[in-house]
>>> print(open('structure_31.cif').read())   # mmCIF, C-alpha atoms
data_upload
loop_
_atom_site.label_atom_id
_atom_site.label_comp_id
_atom_site.auth_asym_id
_atom_site.auth_seq_id
_atom_site.Cartn_x
_atom_site.Cartn_y
_atom_site.Cartn_z
CA MET A 1 87.71 -25.47 76.79
CA ASP A 2 84.90 -23.79 78.71
CA PHE A 3 82.14 -25.34 76.63
CA LEU A 4 79.13 -23.93 78.49
CA GLU A 5 80.58 -20.47 79.18
CA LEU A 6 78.60 -19.83 82.35
CA LYS A 7 81.44 -18.05 84.14
CA ASN A 8 80.28 -14.91 85.97
CA LYS A 9 76.70 -15.29 84.78
CA ASN A 10 74.17 -14.21 87.40
CA ILE A 11 71.93 -17.18 88.01
CA ILE A 12 69.28 -17.65 90.69
CA ILE A 13 68.29 -21.11 91.89
CA THR A 14 65.10 -21.57 93.91
CA GLY A 15 64.84 -24.67 96.05
CA ALA A 16 68.63 -24.65 96.38
CA SER A 17 68.57 -26.20 99.83
CA SER A 18 68.28 -29.78 98.63
CA GLY A 19 67.92 -32.26 95.78
CA ILE A 20 68.09 -31.02 92.21
CA GLY A 21 68.45 -27.39 93.32
CA ARG A 22 71.47 -28.18 95.48
CA GLU A 23 73.12 -30.37 92.86
CA THR A 24 72.60 -27.64 90.26
CA ALA A 25 74.21 -25.11 92.59
CA ILE A 26 77.25 -27.36 93.00
CA LEU A 27 77.60 -27.86 89.25
CA LEU A 28 77.07 -24.21 88.29
CA ASP A 29 79.50 -23.12 91.01
CA ASP A 30 82.05 -25.46 89.50
CA LEU A 31 81.39 -23.83 86.12
CA GLY A 32 82.07 -20.39 87.58
CA ALA A 33 78.56 -18.90 87.65
CA ASP A 34 77.69 -16.17 90.16
CA LEU A 35 74.91 -17.76 92.14
CA ILE A 36 71.99 -16.53 94.18
CA LEU A 37 70.59 -19.40 96.19
CA THR A 38 67.18 -19.28 97.75
CA GLY A 39 65.12 -21.66 99.83
CA ARG A 40 62.98 -21.77 102.93
CA ASN A 41 65.45 -23.48 105.23
CA LEU A 42 68.52 -21.38 106.06
CA GLU A 43 70.38 -24.25 107.69
CA LYS A 44 70.04 -26.37 104.56
CA LEU A 45 70.99 -23.44 102.34
CA GLU A 46 74.15 -23.07 104.41
CA GLU A 47 74.79 -26.80 103.86
CA THR A 48 74.58 -26.19 100.13
CA LYS A 49 76.87 -23.18 100.43
CA ALA A 50 79.41 -25.26 102.32
CA GLN A 51 79.69 -27.53 99.29
CA LEU A 52 80.60 -24.69 96.92
CA LYS A 53 84.05 -23.37 96.07
CA ARG A 54 82.90 -19.80 95.46
CA GLU A 55 80.82 -17.47 97.62
CA PRO A 56 77.15 -17.49 96.58
CA ASN A 57 74.52 -15.01 97.73
CA ILE A 58 72.15 -16.77 100.07
CA PHE A 59 68.61 -15.49 100.48
CA GLN A 60 66.25 -17.31 102.79
CA ALA A 61 62.70 -16.87 101.54
CA ASP A 62 59.37 -18.59 101.48
CA LEU A 63 58.32 -17.76 97.95
CA THR A 64 54.65 -18.31 98.74
CA ILE A 65 54.80 -15.17 100.93
CA GLU A 66 54.51 -11.98 98.89
CA GLU A 67 56.72 -9.85 101.20
CA GLU A 68 59.54 -12.39 101.09
CA ARG A 69 59.28 -12.71 97.32
CA THR A 70 59.35 -8.93 96.95
CA ALA A 71 62.42 -8.61 99.20
CA LEU A 72 64.22 -11.29 97.23
CA ILE A 73 63.48 -9.65 93.88
CA ALA A 74 64.61 -6.24 95.17
CA SER A 75 67.98 -7.73 96.17
CA LEU A 76 68.71 -9.29 92.78
CA PRO A 77 71.04 -8.10 90.02
CA LYS A 78 70.07 -8.55 86.37
CA LEU A 79 69.84 -12.26 85.80
CA GLU A 80 71.16 -14.37 82.96
CA GLY A 81 69.60 -17.54 84.28
CA VAL A 82 66.65 -18.55 86.46
CA VAL A 83 66.36 -22.10 87.75
CA ASN A 84 63.01 -22.92 89.32
CA ALA A 85 63.72 -25.99 91.43
CA ALA A 86 61.45 -25.32 94.41
CA GLY A 87 58.61 -27.75 94.92
CA ILE A 88 56.92 -30.29 97.09
CA ILE A 89 55.39 -33.68 96.52
CA TYR A 90 52.01 -34.29 98.06
CA PRO A 91 50.53 -37.70 97.25
CA PHE A 92 46.81 -37.63 97.92
CA PRO A 93 43.88 -39.67 96.57
CA LEU A 94 41.86 -37.68 94.10
CA LYS A 95 38.44 -38.17 95.67
CA PHE A 96 39.60 -36.64 98.98
CA ILE A 97 40.98 -33.43 97.47
CA THR A 98 39.62 -30.23 98.99
CA GLU A 99 40.43 -26.57 98.54
CA LYS A 100 43.13 -26.63 101.23
CA HIS A 101 44.99 -29.44 99.47
CA ILE A 102 44.88 -27.63 96.14
CA LYS A 103 46.15 -24.47 97.84
CA THR A 104 49.00 -26.29 99.58
CA VAL A 105 50.35 -27.83 96.40
CA PHE A 106 49.57 -25.12 93.87
CA ASP A 107 50.86 -22.30 96.07
CA ILE A 108 54.35 -23.82 96.10
CA ASN A 109 54.50 -25.80 92.88
CA PHE A 110 52.85 -23.27 90.61
CA LYS A 111 51.65 -19.96 92.05
CA ALA A 112 54.86 -18.87 93.80
CA GLN A 113 56.95 -19.75 90.75
CA ALA A 114 54.63 -17.98 88.34
CA LEU A 115 54.51 -14.87 90.52
CA LEU A 116 58.28 -14.82 91.00
CA ASN A 117 59.12 -15.20 87.32
CA SER A 118 56.47 -12.73 86.20
CA ALA A 119 57.73 -10.15 88.71
CA LEU A 120 61.33 -10.67 87.60
CA LEU A 121 60.27 -9.81 84.06
CA LYS A 122 58.07 -6.89 85.09
CA GLN A 123 60.77 -5.40 87.29
CA LYS A 124 63.39 -5.66 84.54
CA LYS A 125 65.59 -8.08 86.43
CA ILE A 126 66.03 -10.23 83.34
CA ALA A 127 68.97 -9.69 80.99
CA GLU A 128 68.65 -10.09 77.25
CA GLY A 129 69.18 -13.74 76.35
CA CYS A 130 68.27 -14.96 79.84
CA SER A 131 67.33 -18.61 80.14
CA PHE A 132 64.51 -19.77 82.41
CA VAL A 133 64.45 -23.41 83.47
CA PHE A 134 61.48 -25.03 85.19
CA ILE A 135 61.47 -28.46 86.79
CA SER A 136 58.34 -30.34 85.83
CA SER A 137 57.87 -34.09 86.02
CA ILE A 138 57.29 -36.97 83.66
CA SER A 139 54.16 -37.58 85.73
CA SER A 140 52.44 -34.58 84.12
CA GLN A 141 52.20 -36.75 81.00
CA PHE A 142 52.17 -40.17 82.65
CA PRO A 143 50.33 -39.71 85.97
CA TYR A 144 50.55 -41.98 88.97
CA GLN A 145 47.96 -42.96 91.58
CA GLY A 146 47.68 -40.28 94.24
CA GLY A 147 49.42 -37.72 92.04
CA ALA A 148 46.49 -35.59 90.86
CA LEU A 149 47.61 -32.42 92.63
CA TYR A 150 51.32 -32.73 91.92
CA THR A 151 50.87 -33.66 88.27
CA SER A 152 48.25 -30.96 87.66
CA ALA A 153 50.50 -28.26 89.14
CA LYS A 154 53.39 -29.48 86.99
CA ALA A 155 51.20 -29.41 83.88
CA ALA A 156 50.26 -25.82 84.72
CA LEU A 157 53.93 -24.96 85.13
CA GLU A 158 54.74 -26.41 81.71
CA ALA A 159 52.04 -24.26 80.10
CA TYR A 160 53.38 -21.17 81.92
CA ALA A 161 56.94 -21.92 80.77
CA ARG A 162 55.85 -22.26 77.14
CA THR A 163 53.91 -19.01 77.26
CA LEU A 164 56.90 -17.22 78.78
CA ALA A 165 59.00 -18.50 75.89
CA LEU A 166 56.49 -17.14 73.41
CA GLU A 167 55.95 -13.73 74.98
CA HIS A 168 59.63 -12.88 75.59
CA SER A 169 61.45 -14.30 72.60
CA ALA A 170 61.99 -10.82 71.10
CA LYS A 171 64.81 -10.28 73.62
CA LYS A 172 66.16 -13.78 73.01
CA VAL A 173 64.82 -14.82 76.41
CA ARG A 174 64.30 -18.57 76.48
CA SER A 175 62.18 -20.77 78.71
CA ASN A 176 62.23 -24.54 78.95
CA CYS A 177 61.05 -27.34 81.20
CA ILE A 178 62.74 -30.50 82.27
CA SER A 179 60.53 -33.46 83.07
CA PRO A 180 62.45 -36.03 85.09
CA GLY A 181 61.29 -39.46 86.08
CA LEU A 182 62.21 -40.72 89.55
CA VAL A 183 65.42 -39.02 90.67
CA LYS A 184 67.14 -39.89 93.93
CA THR A 185 66.25 -36.73 95.88
CA ASN A 186 64.33 -35.98 99.05
CA ILE A 187 61.17 -36.27 96.93
CA PHE A 188 62.36 -39.75 96.01
CA GLU A 189 62.77 -40.49 99.71
CA GLU A 190 59.18 -39.34 100.30
CA THR A 191 58.02 -41.64 97.51
CA LEU A 192 59.89 -44.51 99.15
CA LYS A 193 58.05 -43.90 102.41
CA ALA A 194 54.72 -44.29 100.64
CA SER A 195 55.75 -47.44 98.79
CA SER A 196 56.60 -50.96 99.76
CA ALA A 197 59.92 -52.57 98.83
CA GLU A 198 58.10 -54.74 96.28
CA GLU A 199 56.48 -51.72 94.64
CA LEU A 200 59.82 -49.93 94.48
CA GLU A 201 61.49 -52.93 92.89
CA LYS A 202 58.69 -53.02 90.33
CA TYR A 203 59.11 -49.29 89.57
CA GLU A 204 62.84 -49.64 89.07
CA LYS A 205 62.36 -52.45 86.55
CA ASN A 206 60.48 -49.93 84.39
CA TYR A 207 63.63 -47.78 84.14
CA PRO A 208 66.00 -49.34 81.57
CA LEU A 209 68.79 -47.05 82.81
CA GLY A 210 67.73 -47.18 86.47
CA PHE A 211 66.54 -44.26 88.59
CA GLY A 212 68.10 -40.87 87.95
CA GLU A 213 70.61 -38.97 90.05
CA PRO A 214 70.30 -35.22 90.72
CA ILE A 215 73.41 -34.60 88.62
CA ASP A 216 71.61 -36.02 85.57
CA VAL A 217 69.10 -33.19 85.83
CA ALA A 218 71.70 -30.59 86.81
CA ASN A 219 73.71 -31.36 83.65
CA THR A 220 70.68 -30.66 81.49
CA ILE A 221 69.91 -27.47 83.44
CA ALA A 222 73.46 -26.26 82.81
CA PHE A 223 73.06 -26.92 79.09
CA LEU A 224 69.74 -25.07 78.97
CA LEU A 225 71.25 -22.10 80.82
CA SER A 226 74.15 -21.90 78.42
CA ASN A 227 74.28 -20.27 75.03
CA ARG A 228 74.86 -23.74 73.58
CA SER A 229 71.09 -24.19 73.76
CA ARG A 230 70.33 -20.78 72.25
CA TRP A 231 67.94 -22.29 69.67
CA VAL A 232 66.03 -24.33 72.26
CA THR A 233 62.95 -22.68 73.74
CA GLY A 234 59.45 -23.64 74.78
CA GLN A 235 60.51 -27.26 75.10
CA ASN A 236 59.91 -29.92 77.68
CA ILE A 237 62.92 -32.19 77.90
CA VAL A 238 62.16 -35.64 79.26
CA LEU A 239 64.84 -37.25 81.42
CA ASP A 240 63.55 -40.63 82.46
CA GLY A 241 66.21 -43.26 81.90
CA GLY A 242 64.02 -44.79 79.21
CA LEU A 243 60.89 -45.13 81.37
CA THR A 244 58.51 -43.96 78.66
CA LEU A 245 60.16 -45.73 75.73
CA GLY A 246 57.39 -47.29 73.70
CA SER A 247 54.67 -45.52 75.67
CA LYS A 248 53.81 -42.89 73.10
CA MET B 1 34.84 -40.21 117.49
CA GLY B 2 35.69 -43.49 119.16
CA LEU B 3 37.67 -46.50 118.04
CA ASP B 4 34.62 -48.43 116.83
CA GLU B 5 33.53 -45.54 114.70
CA PHE B 6 37.03 -45.27 113.22
CA VAL B 7 37.01 -48.97 112.35
CA GLY B 8 33.56 -48.41 110.81
CA LYS B 9 34.89 -45.55 108.68
CA ILE B 10 37.72 -47.69 107.36
CA LYS B 11 35.32 -50.53 106.59
CA GLU B 12 32.95 -48.16 104.84
CA GLU B 13 35.79 -46.73 102.75
CA PHE B 14 37.04 -50.07 101.48
CA SER B 15 33.87 -52.19 101.56
CA GLU B 16 32.88 -51.41 97.99
CA ASP B 17 36.01 -53.00 96.57
CA TYR B 18 37.19 -55.52 99.16
CA ASN B 19 35.96 -58.03 101.71
CA VAL B 20 36.36 -56.10 104.94
CA GLY B 21 33.92 -58.08 107.04
CA ASP B 22 36.64 -59.35 109.37
CA LEU B 23 38.31 -56.01 110.03
CA ASP B 24 38.43 -55.19 113.74
CA PRO B 25 40.58 -52.98 116.02
CA ASP B 26 43.34 -55.59 116.19
CA THR B 27 43.59 -56.07 112.44
CA HIS B 28 46.97 -55.27 110.90
CA ILE B 29 45.42 -53.41 108.04
CA LYS B 30 48.64 -53.23 106.04
CA ASP B 31 48.84 -57.01 106.10
CA MET B 32 45.55 -57.35 104.25
CA GLU B 33 45.99 -59.16 100.96
CA TRP B 34 44.77 -56.18 98.94
CA TRP B 35 46.80 -53.53 100.77
CA SER B 36 48.99 -51.23 98.63
CA SER B 37 50.60 -47.80 98.87
CA MET B 38 47.44 -46.31 97.33
CA HIS B 39 45.37 -47.69 100.22
CA MET B 40 47.81 -46.11 102.63
CA LEU B 41 47.19 -42.75 100.95
CA VAL B 42 43.44 -43.35 101.27
CA VAL B 43 43.81 -43.95 105.02
CA ILE B 44 45.92 -40.79 105.38
CA ALA B 45 43.32 -38.80 103.44
CA LEU B 46 40.43 -40.33 105.38
CA VAL B 47 42.05 -39.38 108.70
CA ASP B 48 42.75 -35.87 107.39
CA ALA B 49 39.11 -35.48 106.33
CA GLU B 50 37.55 -36.96 109.49
CA TYR B 51 39.98 -35.76 112.20
CA ASP B 52 41.93 -32.92 110.59
CA VAL B 53 45.08 -34.87 111.47
CA MET B 54 47.78 -35.50 108.86
CA LEU B 55 49.49 -38.85 109.36
CA SER B 56 52.82 -39.57 107.75
CA PRO B 57 53.32 -42.67 105.62
CA GLU B 58 55.73 -43.96 108.28
CA GLU B 59 53.09 -43.67 110.98
CA VAL B 60 50.64 -45.71 108.96
CA ARG B 61 53.32 -48.20 108.01
CA GLU B 62 54.54 -48.61 111.59
CA ALA B 63 51.10 -48.92 113.19
CA THR B 64 50.66 -52.53 114.21
CA SER B 65 46.86 -52.42 114.13
CA ILE B 66 43.88 -50.18 113.46
CA LYS B 67 43.76 -49.60 117.21
CA SER B 68 47.37 -48.41 117.33
CA LEU B 69 46.69 -46.14 114.37
CA PHE B 70 43.78 -44.67 116.27
CA GLU B 71 46.06 -44.05 119.26
CA ILE B 72 48.46 -42.09 117.01
CA ILE B 73 45.56 -39.98 115.76
CA LYS B 74 44.51 -39.21 119.33
CA THR B 75 48.02 -38.07 120.25
CA LYS B 76 48.15 -35.77 117.22
CA LYS B 77 44.66 -34.35 117.72
#
>>> encode(input="structure_31.cif", output="structure tokens")
Amino acid sequence: MDFLELKNKNIIITGASSGIGRETAILLDDLGADLILTGRNLEKLEETKAQLKREPNIFQADLTIEEERTALIASLPKLEGVVNAAGIIYPFPLKFITEKHIKTVFDINFKAQALLNSALLKQKKIAEGCSFVFISSISSQFPYQGGALYTSAKAALEAYARTLALEHSAKKVRSNCISPGLVKTNIFEETLKASSAEELEKYEKNYPLGFGEPIDVANTIAFLLSNRSRWVTGQNIVLDGGLTLGSK
Amino acid sequence: MGLDEFVGKIKEEFSEDYNVGDLDPDTHIKDMEWWSSMHMLVVIALVDAEYDVMLSPEEVREATSIKSLFEIIKTKK
């Protein structure tokens, strides 16, 4: 039984060159979706492509650059799913934040995504019943030291996703966020570089089910893209292996 | 900015919260009792603000002393 029924659905994945974006591409390809993969690094996008059974459309683009965003949108068919997995982590102590740091993080983690999704809607690239998925972070609700920029941008993204859900529900368009805890991606690797082995061990003890794997997030993305979640919109689904149990 | 001034900046940054009186160019800053990943981020941010040089966490971690950290900054300047 094809439970999720994603076969031949046109779905775009941003940030498909690594981590959650790549894992989602692999899963959705397996489920028969027609994929458009985008990312800044062509070589890494090709690496993702090499892991797929079907032929995706690859579009190299830096979504912070208007011309590249415009070219991408012009090339797209009507979409039944949009997965926003592009993003960077940028740990920085709050008292040192300047305009350039805010620009660096917000341009990628919020502004480019908001502009892309808004333009997709404006340019009628969104099919009735389309599902938007945004990758936020548990840290928008439970911040960490050095995470002011990252967590603020994710909080902004969550608010954008909820508003999208509200404004476009008439056409059964849905929009949801996923807020993962620490998942073993390149962002996880960056976190490791900034932490000592002792700190990492301490973090992991806070996760009753251990750190997450990209497939844990990809599975939830697939569900949210499918019609099986047709009554789910404007939500922020926490995937944290139990990290925040008892915290609320 | 010279090495002594760099050491002075680091002392000034941490002096409010920690005993930094003994810090000198040969100090292995990451071996200080109070050192944590947050302090590493502070050093990265301080260097970014003062020198417009962005160090990576690995560079800070692998620097054997404040002096060697200063040498890395000079090469990236």
>>> interface_residues(input="structure_31.cif", of="chain A", to="chain B", cutoff="9 Å", atoms="all atoms listed in the file", output="number ranges by chain")
A: 91-93, 96-97, 145-146, 190, 193-196, 199
>>> resolve_selection(input="structure_31.cif", expression="the PyMOL selection byres ((chain A and resi 32) around 10)", output="number ranges by chain")
A: 2, 5-9, 27-31, 33-35, 53-54
>>> axis_aligned_box(input="structure_31.cif", around="range 108-116 of chain A", padding_each_side="4 Å", output="JSON")
{"center_x": 55.0, "center_y": -20.3, "center_z": 92.2, "size_x": 14.6, "size_y": 19.0, "size_z": 15.8}
>>> residues_around(input="structure_31.cif", residues="range 73-90 of chain A", least_positions_apart="6", cutoff="8 Å", atoms="all atoms listed in the file", output="count of residues only")
37
>>> residues_around(input="structure_31.cif", residues="Lys111 in chain A", least_positions_apart="4", cutoff="10 Å", atoms="all atoms listed in the file", output="number ranges by chain")
A: 63-64, 103, 105-107, 115-116, 153, 156-157
>>> atom_distance(input="structure_31.cif", atom1="CA of Leu121 in chain A", atom2="CA of Tyr160 in chain A")
13.5 Å
>>> decode(input="structure_31.cif", residues="range 18-41 of chain B", atoms="N, CA and C atoms", output="short mmCIF file (atom, residue, chain, number, x, y, z; two decimals), in the first residue's frame")
data_model
loop_
_atom_site.label_atom_id
_atom_site.label_comp_id
_atom_site.auth_asym_id
_atom_site.auth_seq_id
_atom_site.Cartn_x
_atom_site.Cartn_y
_atom_site.Cartn_z
N TYR B 18 36.27 36.50 35.79
CA TYR B 18 37.27 35.49 36.15
C TYR B 18 38.58 36.13 36.58
N ASN B 19 39.41 35.36 37.26
CA ASN B 19 40.74 35.83 37.64
C ASN B 19 41.67 35.62 36.44
N VAL B 20 42.00 36.70 35.78
CA VAL B 20 42.81 36.60 34.57
C VAL B 20 44.19 37.25 34.76
N GLY B 21 44.51 37.50 36.01
CA GLY B 21 45.76 38.21 36.31
C GLY B 21 47.00 37.53 35.74
N ASP B 22 46.96 36.18 35.68
CA ASP B 22 48.16 35.46 35.23
C ASP B 22 48.20 35.22 33.72
N LEU B 23 47.20 35.65 33.01
CA LEU B 23 47.20 35.41 31.55
C LEU B 23 48.38 36.12 30.90
N ASP B 24 49.13 35.40 30.09
CA ASP B 24 50.21 36.03 29.31
C ASP B 24 50.27 35.36 27.93
N PRO B 25 51.15 35.80 27.04
CA PRO B 25 51.15 35.25 25.67
C PRO B 25 51.31 33.74 25.60
N ASP B 26 51.94 33.14 26.60
CA ASP B 26 52.15 31.69 26.55
C ASP B 26 51.03 30.88 27.20
N THR B 27 50.05 31.58 27.74
CA THR B 27 48.94 30.86 28.39
C THR B 27 48.14 30.04 27.38
N HIS B 28 47.83 28.82 27.76
CA HIS B 28 46.91 27.99 26.97
C HIS B 28 45.52 28.36 27.45
N ILE B 29 44.93 29.29 26.78
CA ILE B 29 43.68 29.86 27.30
C ILE B 29 42.59 28.80 27.47
N LYS B 30 42.58 27.83 26.56
CA LYS B 30 41.52 26.82 26.65
C LYS B 30 41.73 25.84 27.79
N ASP B 31 42.90 25.92 28.42
CA ASP B 31 43.14 25.07 29.59
C ASP B 31 42.77 25.76 30.89
N MET B 32 42.31 27.01 30.79
CA MET B 32 41.90 27.71 32.01
C MET B 32 40.71 26.97 32.62
N GLU B 33 40.66 26.98 33.93
CA GLU B 33 39.65 26.21 34.65
C GLU B 33 38.22 26.58 34.23
N TRP B 34 38.02 27.86 33.90
CA TRP B 34 36.68 28.35 33.59
C TRP B 34 36.31 28.24 32.12
N TRP B 35 37.25 27.79 31.30
CA TRP B 35 37.04 27.80 29.84
C TRP B 35 35.89 26.89 29.42
N SER B 36 35.04 27.37 28.50
CA SER B 36 33.95 26.56 27.96
C SER B 36 33.75 26.94 26.49
N SER B 37 32.84 26.25 25.82
CA SER B 37 32.59 26.55 24.41
C SER B 37 32.06 27.98 24.24
N MET B 38 31.36 28.49 25.26
CA MET B 38 30.85 29.86 25.18
C MET B 38 32.02 30.86 25.17
N HIS B 39 33.06 30.56 25.95
CA HIS B 39 34.22 31.47 25.96
C HIS B 39 34.94 31.44 24.61
N MET B 40 34.92 30.26 23.99
CA MET B 40 35.53 30.17 22.66
C MET B 40 34.78 31.08 21.69
N LEU B 41 33.44 31.07 21.77
CA LEU B 41 32.66 31.95 20.91
C LEU B 41 32.96 33.42 21.18
#
